[in-house]
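Colleague: Pasting coords.cif here (mmCIF, C-alpha atoms):
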data_query
#
loop_
_atom_site.group_PDB
_atom_site.id
_atom_site.type_symbol
_atom_site.label_atom_id
_atom_site.label_comp_id
_atom_site.auth_asym_id
_atom_site.auth_seq_id
_atom_site.Cartn_x
_atom_site.Cartn_y
_atom_site.Cartn_z
ATOM 1 C CA MET I 1 -7.109 11.197 -7.447
ATOM 2 C CA GLY I 2 -5.701 12.129 -4.104
ATOM 3 C CA ASP I 3 -8.876 14.063 -3.340
ATOM 4 C CA LEU I 4 -11.169 13.403 -0.423
ATOM 5 C CA ARG I 5 -12.908 10.047 -0.353
ATOM 6 C CA THR I 6 -16.414 9.098 0.674
ATOM 7 C CA ALA I 7 -17.468 10.284 4.112
ATOM 8 C CA ASP I 8 -16.295 8.154 7.003
ATOM 9 C CA THR I 9 -19.123 7.307 9.377
ATOM 10 C CA PHE I 10 -17.299 8.777 12.354
ATOM 11 C CA ASN I 11 -15.021 11.541 11.114
ATOM 12 C CA GLY I 12 -16.371 12.957 7.846
ATOM 13 C CA PRO I 13 -14.453 12.766 4.562
ATOM 14 C CA ILE I 14 -10.960 11.360 4.794
ATOM 15 C CA PRO I 15 -8.108 11.392 2.278
ATOM 16 C CA THR I 16 -7.263 8.151 0.490
ATOM 17 C CA SER I 17 -3.917 7.970 2.289
ATOM 18 C CA ASP I 18 -5.621 8.230 5.691
ATOM 19 C CA LEU I 19 -8.026 5.428 4.830
ATOM 20 C CA ALA I 20 -5.136 3.290 3.570
ATOM 21 C CA GLN I 21 -3.218 4.040 6.785
ATOM 22 C CA ARG I 22 -6.211 2.998 8.897
ATOM 23 C CA ILE I 23 -6.546 -0.263 6.988
ATOM 24 C CA LEU I 24 -2.821 -0.981 7.276
ATOM 25 C CA SER I 25 -2.886 -0.170 10.987
ATOM 26 C CA SER I 26 -5.890 -2.424 11.580
ATOM 27 C CA ARG I 27 -4.104 -5.234 9.737
ATOM 28 C CA ARG I 28 -1.098 -4.837 12.067
ATOM 29 C CA LYS I 29 -3.350 -4.897 15.124
ATOM 30 C CA ARG I 30 -5.091 -8.009 13.815
ATOM 31 C CA ALA I 31 -1.696 -9.667 13.326
ATOM 32 C CA GLU I 32 -0.795 -8.892 16.945
ATOM 33 C CA ILE I 33 -3.835 -10.856 18.074
ATOM 34 C CA PHE I 34 -3.981 -13.725 15.561
ATOM 35 C CA GLY I 35 -0.348 -13.845 14.458
ATOM 36 C CA ALA I 36 1.094 -12.540 11.211
ATOM 37 C CA ASP I 37 0.977 -15.860 9.342
ATOM 38 C CA LEU I 38 -2.761 -16.463 9.546
ATOM 39 C CA PHE I 39 -3.805 -13.464 7.439
ATOM 40 C CA ALA I 40 -0.633 -12.673 5.477
ATOM 41 C CA ASP I 41 -1.301 -10.680 2.311
ATOM 42 C CA PRO I 42 2.043 -9.078 1.386
ATOM 43 C CA SER I 43 0.947 -7.644 -1.962
ATOM 44 C CA TYR I 44 -1.958 -5.800 -0.380
ATOM 45 C CA ASP I 45 0.199 -4.465 2.453
ATOM 46 C CA ILE I 46 2.804 -3.213 -0.022
ATOM 47 C CA LEU I 47 0.162 -1.521 -2.175
ATOM 48 C CA LEU I 48 -1.457 0.105 0.864
ATOM 49 C CA ALA I 49 1.891 1.480 2.057
ATOM 50 C CA MET I 50 2.737 2.667 -1.432
ATOM 51 C CA ILE I 51 -0.559 4.523 -2.003
ATOM 52 C CA ILE I 52 0.146 6.403 1.219
ATOM 53 C CA SER I 53 3.592 7.376 -0.103
ATOM 54 C CA TRP I 54 2.146 8.215 -3.516
ATOM 55 C CA GLU I 55 -0.266 10.723 -1.981
ATOM 56 C CA CYS I 56 2.715 12.337 -0.227
ATOM 57 C CA ASN I 57 4.609 12.356 -3.556
ATOM 58 C CA GLU I 58 7.320 10.133 -2.080
ATOM 59 C CA LEU I 59 9.211 7.250 -3.591
ATOM 60 C CA VAL I 60 9.493 4.073 -1.519
ATOM 61 C CA SER I 61 12.771 2.294 -0.892
ATOM 62 C CA VAL I 62 12.861 -1.435 -1.506
ATOM 63 C CA SER I 63 13.674 -1.993 2.173
ATOM 64 C CA SER I 64 10.658 0.097 3.219
ATOM 65 C CA ALA I 65 8.391 -1.874 0.877
ATOM 66 C CA CYS I 66 9.785 -5.111 2.318
ATOM 67 C CA PHE I 67 9.088 -3.885 5.841
ATOM 68 C CA SER I 68 5.510 -2.942 4.939
ATOM 69 C CA ALA I 69 4.864 -6.454 3.607
ATOM 70 C CA ASN I 70 5.231 -7.840 7.142
ATOM 71 C CA VAL I 71 6.855 -11.040 5.877
ATOM 72 C CA PRO I 72 10.484 -12.199 5.610
ATOM 73 C CA GLU I 73 12.573 -10.070 3.239
ATOM 74 C CA ALA I 74 13.029 -12.805 0.617
ATOM 75 C CA THR I 75 9.271 -13.311 0.485
ATOM 76 C CA ALA I 76 8.639 -9.564 0.236
ATOM 77 C CA LEU I 77 11.142 -9.273 -2.615
ATOM 78 C CA ARG I 78 9.257 -11.976 -4.536
ATOM 79 C CA TYR I 79 6.015 -10.046 -4.113
ATOM 80 C CA ILE I 80 7.679 -6.800 -5.175
ATOM 81 C CA ARG I 81 9.022 -8.553 -8.264
ATOM 82 C CA SER I 82 5.540 -9.928 -9.044
ATOM 83 C CA LEU I 83 3.917 -6.516 -8.585
ATOM 84 C CA THR I 84 6.552 -5.064 -10.918
ATOM 85 C CA VAL I 85 5.975 -7.721 -13.585
ATOM 86 C CA MET I 86 2.210 -7.165 -13.309
ATOM 87 C CA GLY I 87 2.719 -3.461 -13.975
ATOM 88 C CA TYR I 88 1.664 -2.147 -10.564
ATOM 89 C CA ILE I 89 5.090 -0.991 -9.367
ATOM 90 C CA GLU I 90 7.936 0.562 -11.276
ATOM 91 C CA ARG I 91 11.555 0.631 -10.233
ATOM 92 C CA ILE I 92 13.246 4.044 -10.240
ATOM 93 C CA PRO I 93 17.035 4.407 -9.899
ATOM 94 C CA ASN I 94 17.974 6.221 -6.703
ATOM 95 C CA PRO I 95 19.670 9.482 -7.783
ATOM 96 C CA ARG I 96 21.679 9.674 -4.536
ATOM 97 C CA ASP I 97 22.831 6.050 -4.516
ATOM 98 C CA LYS I 98 23.549 4.527 -7.918
ATOM 99 C CA ARG I 99 23.295 1.034 -6.395
ATOM 100 C CA GLY I 100 19.884 1.711 -4.881
ATOM 101 C CA VAL I 101 16.423 1.482 -6.352
ATOM 102 C CA ASN I 102 13.225 3.194 -5.295
ATOM 103 C CA LEU I 103 9.728 2.024 -6.044
ATOM 104 C CA LYS I 104 6.703 3.915 -7.272
ATOM 105 C CA LEU I 105 3.129 2.935 -8.052
ATOM 106 C CA THR I 106 2.233 3.000 -11.716
ATOM 107 C CA PRO I 107 -0.799 5.017 -12.826
ATOM 108 C CA VAL I 108 -2.713 1.735 -13.238
ATOM 109 C CA ALA I 109 -2.030 0.768 -9.618
ATOM 110 C CA VAL I 110 -2.962 4.246 -8.374
ATOM 111 C CA ASP I 111 -6.269 4.002 -10.236
ATOM 112 C CA LEU I 112 -7.018 0.508 -8.926
ATOM 113 C CA MET I 113 -6.084 1.331 -5.327
ATOM 114 C CA THR I 114 -8.081 4.560 -5.404
ATOM 115 C CA ARG I 115 -11.127 2.760 -6.798
ATOM 116 C CA TRP I 116 -10.765 -0.002 -4.211
ATOM 117 C CA LEU I 117 -10.448 2.479 -1.325
ATOM 118 C CA ASP I 118 -13.501 4.382 -2.618
ATOM 119 C CA ARG I 119 -15.520 1.158 -2.586
ATOM 120 C CA PHE I 120 -14.171 0.238 0.829
ATOM 121 C CA ALA I 121 -15.210 3.632 2.216
ATOM 122 C CA MET I 122 -18.669 3.273 0.679
ATOM 123 C CA ALA I 123 -19.043 -0.172 2.256
ATOM 124 C CA LEU I 124 -18.165 1.289 5.651
ATOM 125 C CA ASN I 125 -20.944 3.805 5.236
ATOM 126 C CA GLY I 126 -23.492 1.163 4.278
#
Please re-express this file's structure in structure tokens.

Modeller:
Amino acid sequence: MGDLRTADTFNGPIPTSDLAQRILSSRRKRAEIFGADLFADPSYDILLAMIISWECNELVSVSSACFSANVPEATALRYIRSLTVMGYIERIPNPRDKRGVNLKLTPVAVDLMTRWLDRFAMALNG
């Protein structure tokens, strides 16, 4: 995991995090045109942002995960809670701020996101 994915039609092989970033970016551009409410998928946006951070070996703050969901904070927190209960995200105490919590993808979520991004890349290549 974290290795190069299937060749991109235009640019050759790309890392999983780059593919996830392209998808997330295209979703933001689509929201600019159609509006954020029409295609809202907070769980997917959170998982995309978190696989990018995972490949960089970074934890994600709750506020950053909320921002990536592109929905109101209360809604994002519900999705984060659901992803945690489902076993896709784990909460890690922030060592610098005892009140804070960071988030991290579980190995199951990393496997699922990596498999999904592999299939997505293959579909792009026909």

Colleague: Hey, what's within 9 Å of Ala20 of chain I if we count all atoms listed in the file and toss same-chain stuff fewer than 4 positions away? As a PyMOL selection string, please?

Modeller: chain I and resi 15-16+24-25+48-49+51-52+117

Colleague: Between I:Ile23, I:Ala31, I:Ala121, I:Leu47, which one has atoms that come closest to Ser64 of chain I, using only C-alpha atoms?

Modeller: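 Checking each candidate against Ser64 of chain I, we get I:Leu47 as the closest.
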
Colleague: Interatomic distance between atom CA of Ser61 of chain I and atom CA of Asp45 of chain I?

Modeller: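 Interatomic distance here is 14.7 Å.
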
Colleague: Counting all atoms listed in the file, which residue out of I:Leu59, I:Ser82, I:Pro72, I:Leu112 sits closest to Asn94 of chain I?

Modeller: I:Leu59

Colleague: Would you mind telling me which residue in I:Ser43, I:Asn70, I:Asn125, I:Asn57 lies nearest to Ile89 of chain I when using only C-alpha atoms?

Modeller: I:Ser43

Colleague: Choose the residue, out of I:Thr114, I:Glu32, I:Val85, I:Leu77, that has the smallest atom-to-atom separation from Asp18 of chain I; count all atoms listed in the file.

Modeller: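 Of I:Thr114, I:Glu32, I:Val85, I:Leu77, the one nearest Asp18 of chain I, counting all atoms listed in the file, is I:Thr114.
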
Colleague: Extract, using only C-alpha atoms, all DNA, RNA and protein residues at most 12 Å from Ile80 of chain I, discarding same-chain residues fewer than 3 positions from it, and format them as a ChimeraX atom specification.

Modeller: /I:42-47,50,60-69,71,73-77,83-91,102-105

Colleague: How about saving the chosen residues, C-alpha atoms kept, as a CSV table (one decimal), in the frame of the given file?

Modeller:
chain,number,residue,atom,x,y,z
I,42,PRO,CA,2.0,-9.1,1.4
I,43,SER,CA,0.9,-7.6,-2.0
I,44,TYR,CA,-2.0,-5.8,-0.4
I,45,ASP,CA,0.2,-4.5,2.5
I,46,ILE,CA,2.8,-3.2,0.0
I,47,LEU,CA,0.2,-1.5,-2.2
I,50,MET,CA,2.7,2.7,-1.4
I,60,VAL,CA,9.5,4.1,-1.5
I,61,SER,CA,12.8,2.3,-0.9
I,62,VAL,CA,12.9,-1.4,-1.5
I,63,SER,CA,13.7,-2.0,2.2
I,64,SER,CA,10.7,0.1,3.2
I,65,ALA,CA,8.4,-1.9,0.9
I,66,CYS,CA,9.8,-5.1,2.3
I,67,PHE,CA,9.1,-3.9,5.8
I,68,SER,CA,5.5,-2.9,4.9
I,69,ALA,CA,4.9,-6.5,3.6
I,71,VAL,CA,6.9,-11.0,5.9
I,73,GLU,CA,12.6,-10.1,3.2
I,74,ALA,CA,13.0,-12.8,0.6
I,75,THR,CA,9.3,-13.3,0.5
I,76,ALA,CA,8.6,-9.6,0.2
I,77,LEU,CA,11.1,-9.3,-2.6
I,83,LEU,CA,3.9,-6.5,-8.6
I,84,THR,CA,6.6,-5.1,-10.9
I,85,VAL,CA,6.0,-7.7,-13.6
I,86,MET,CA,2.2,-7.2,-13.3
I,87,GLY,CA,2.7,-3.5,-14.0
I,88,TYR,CA,1.7,-2.1,-10.6
I,89,ILE,CA,5.1,-1.0,-9.4
I,90,GLU,CA,7.9,0.6,-11.3
I,91,ARG,CA,11.6,0.6,-10.2
I,102,ASN,CA,13.2,3.2,-5.3
I,103,LEU,CA,9.7,2.0,-6.0
I,104,LYS,CA,6.7,3.9,-7.3
I,105,LEU,CA,3.1,2.9,-8.1

Colleague: For Phe120 of chain I, which residue out of I:Arg22, I:Arg96, I:Arg78, I:Lys29 is the nearest one, using only C-alpha atoms?

Modeller: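 For Phe120 of chain I, the nearest of the candidates is I:Arg22.
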
Colleague: Suppose you want the space between atom CA of Arg119 of chain I and atom CA of Ile14 of chain I; what is it in Å?

Modeller: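 Pair atom CA of Arg119 of chain I / atom CA of Ile14 of chain I returns 13.4 Å.
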
Colleague: Atom CA of Pro93 of chain I and atom CA of Arg115 of chain I, how far apart in Å?

Modeller: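 These two atoms are separated by 28.4 Å.
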